[in-house]
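All remarks here apply to the structure that follows.
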Amino acid sequence: MSKVIGLKCRECGAEYEAGIQNTCYECFGPLEVHYDWDVVQDNVSKEKIAGGPPSIWRYADLLPIDGTNYVDLGAGYNKLHHAKNLGKELGLKELYILDDSVNPTNSFKDRVTSVAVSKALELGATAIGCASTGNLASAVGAHAAKAGIPAYIFIPSSIETGKITQMLTYDPNIIAVEGTYDDANRLASEVADQNPDWAFVNINIRPYYTEGSRTLAFETAEQLGWNAPDHIVAPLGSGALLCALTRGYRELENIGFIDGGSEVRISGSQPTGCSPISTAVRNDAEVIPIRELDTIAHSLAIGNPADGYYAKQAILGSGGYAASVTDEEILEAIRLLASTEGIFTEPAGGTTVAGLKSLVESGHIDPDERTVVYVTGNGLKAQDTIAGALERPGSIRPSYSEFTKKFNNIPKSNN
């Protein structure tokens with residue numbers, strides 16, 4: 001018996017068969033995967049998970065795929081770092097970082113793409129695609145190559161060179177659009193409408209795609225000994241990641257794996273140059289789309305966030321908050337994370353760490369809370385952006401006397 005009943009509208013509750021569809025025909029609300037939780041609970045166990053592969057597919061019983069035909073590059077089950085140095089710097093007693101910069105294409109998008117492409121093959125799709133600010137493009141290109149299926153990737157032409165270089169190596173069909181992510185997304189949606197047997201992972205099969213992000217919550221709880229954190233901080237782009245994390249913790253509570261999953265406080269962070277969700281949270285107002293975007297955090301530069309309303313509700317409903325941080329604070333946070341914990345992140349991760357710092361300083365995170373931060377992408381993807389904030393080291397002649405001139409406070413050896 002399938003654990004997936006079908007798709008269900010988040011707004012009016014209308015139900016549909018599991019297929020290539022993301023919008024309710026009755027009210028145009030977003031669709032979500034509708035699980036048969038009795039079937040799930042009959043099959044899943046902590047022991048079975050512990051014996052599973054070291055990837056997101058150890059949680060296969062909690063994901064919307066029937067069978068075992070997974071398109072798996074090994075994404076997930078990444079280390080939950082006990083960030084003692086950064087925690088001490090910020091005044092937090094128990095801080096953890098789940099580092100998703102070490103996935104196969106170096107971002108958390110490998111999780112969602114592995115699930116989405118696996119489901120696309122199950123549904124008989126003849127091609128896959130996406131609209132992307134860079135990280136998803138690489139993930140889709142890599143998983144399409146592994147699956148042997150054509151890929152069509154729509155990107156704003158202004159994204160970082162490092163991300164374009166990476167996605168090109170997988171040899172997908174890349175359409176660089178003059179304009180913003182929202183412009184690229186609109187064109188990709190038109191193409192998806194005209195080709196109903198193509199599966200665009202973050203458009204017409206978005207209900208399955210977003211399920212992959214729940215594995216971040218599953219991994220966190222498992223590595224904490226099947227316990228929930230008190231507070232989490234995630235980056236805000238479309239809002240989908242934060243919503244999926246919220247669901248993930250609540251679902252673990254519902255199946256009896258953890259206590260307090262519905263009590264986890266949820267906070268987010270967004271760059272001030274593109275902050276429709278964090279602005280709405282801070283003002284307790286509607287999420288108003290913006291057209292003019294100005295931030296170095298290109299992977300979060302989504303002016304019309306698809307899940308913005310729901311992300312705002314999740315944050316405020318949990319007692320969390322949202323930070324808005326400047327580009328300068330983002331760059332400072334990238335260096336802070338690297339110099340304290342040895343983790344090199346891109347501006348999206350810098351946004352999250354800068355937001356963490358802001359939330360602590362404003363009193364929205366208590367020093368005694370067990371706090372988990374999600375770092376979602378690797379700094380190597382955005383070297384051009386980050387390098388501009390760093391000073392290239394000066395050179396010296398290859399002699400010990402020159403070295404001691406440069407570092408004249410070195411303690412003398414006893415030898």
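Letters A, B, ... mark the chains of the structure tokens in the order given; residue numbers begin at 1 per chain; ligand numbers begin at 1, in order shown.
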
Skip Gln270 in chain A itself and residues of its chain fewer than 3 positions away, then list as a PyMOL selection string all residues within 10 Å of it, counting only C-alpha atoms.
chain A and resi 234-237+273-279+295+297+300-301+322-326+330+348+351-352+354-355

Find the residues around Phe28 in chain A up to 10 Å (only C-alpha atoms counted), leave out those fewer than 2 positions away in its own chain, and share them as a ChimeraX atom specification.
/A:9-12,22-26,30-31

Which residues of range 192-230 of chain A come within 10 Å of range 143-154 of chain A, and for each one, what is the closest pair of atoms and their distance in Å to one decimal, counting only C-alpha atoms, sorted by chain and residue number, as CSV?
```
residue,atom,partner,partner_atom,distance
A:Trp198,CA,A:Ala151,CA,9.2
A:Ala199,CA,A:Ala151,CA,9.4
A:Phe200,CA,A:Tyr152,CA,8.4
```

With distances taken over only C-alpha atoms, which of A:Gly91, A:Pro172, A:Gly342, A:Pro104 is nearest to Gly129 in chain A?
A:Pro172

If we count only C-alpha atoms and set the cut-off at 7 Å, which residues sit around Val40 in chain A, ignoring sequence neighbours fewer than 2 positions away in its own chain? Please answer as number ranges by chain.
A: 3, 36-38, 42-44, 61-62

For the selection just defined, write its residues with N, CA, C and O atoms to a file, as an mmCIF file, in the first residue's frame.
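So the final result, stored in selection23.cif, reads:
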```
data_model
loop_
_atom_site.group_PDB
_atom_site.id
_atom_site.type_symbol
_atom_site.label_atom_id
_atom_site.label_comp_id
_atom_site.auth_asym_id
_atom_site.auth_seq_id
_atom_site.Cartn_x
_atom_site.Cartn_y
_atom_site.Cartn_z
ATOM 1 N N LYS A 3 2.205 4.931 0.737
ATOM 2 C CA LYS A 3 2.093 5.869 1.860
ATOM 3 C C LYS A 3 1.606 7.231 1.408
ATOM 4 O O LYS A 3 1.272 8.074 2.234
ATOM 5 N N ASP A 36 -0.582 8.872 4.095
ATOM 6 C CA ASP A 36 -1.329 7.969 4.956
ATOM 7 C C ASP A 36 -0.407 7.656 6.137
ATOM 8 O O ASP A 36 0.490 6.805 6.044
ATOM 9 N N TRP A 37 -0.599 8.364 7.243
ATOM 10 C CA TRP A 37 0.333 8.248 8.359
ATOM 11 C C TRP A 37 0.236 6.897 9.057
ATOM 12 O O TRP A 37 1.190 6.469 9.723
ATOM 13 N N ASP A 38 -0.870 6.185 8.890
ATOM 14 C CA ASP A 38 -0.944 4.828 9.433
ATOM 15 C C ASP A 38 0.042 3.917 8.709
ATOM 16 O O ASP A 38 0.731 3.103 9.335
ATOM 17 N N ASP A 42 3.454 2.166 10.275
ATOM 18 C CA ASP A 42 3.603 0.713 10.208
ATOM 19 C C ASP A 42 4.978 0.309 9.670
ATOM 20 O O ASP A 42 5.419 -0.829 9.889
ATOM 21 N N ASN A 43 5.643 1.219 8.968
ATOM 22 C CA ASN A 43 6.890 0.871 8.297
ATOM 23 C C ASN A 43 8.129 1.525 8.894
ATOM 24 O O ASN A 43 9.223 0.964 8.840
ATOM 25 N N VAL A 44 7.992 2.715 9.457
ATOM 26 C CA VAL A 44 9.171 3.454 9.917
ATOM 27 C C VAL A 44 9.512 3.101 11.362
ATOM 28 O O VAL A 44 8.629 2.799 12.166
ATOM 29 N N ASP A 61 11.060 6.158 4.353
ATOM 30 C CA ASP A 61 9.681 5.903 4.791
ATOM 31 C C ASP A 61 8.921 7.187 5.097
ATOM 32 O O ASP A 61 7.693 7.162 5.242
ATOM 33 N N LEU A 62 9.647 8.307 5.221
ATOM 34 C CA LEU A 62 9.018 9.600 5.504
ATOM 35 C C LEU A 62 9.020 10.510 4.271
ATOM 36 O O LEU A 62 8.674 11.690 4.374
#
```
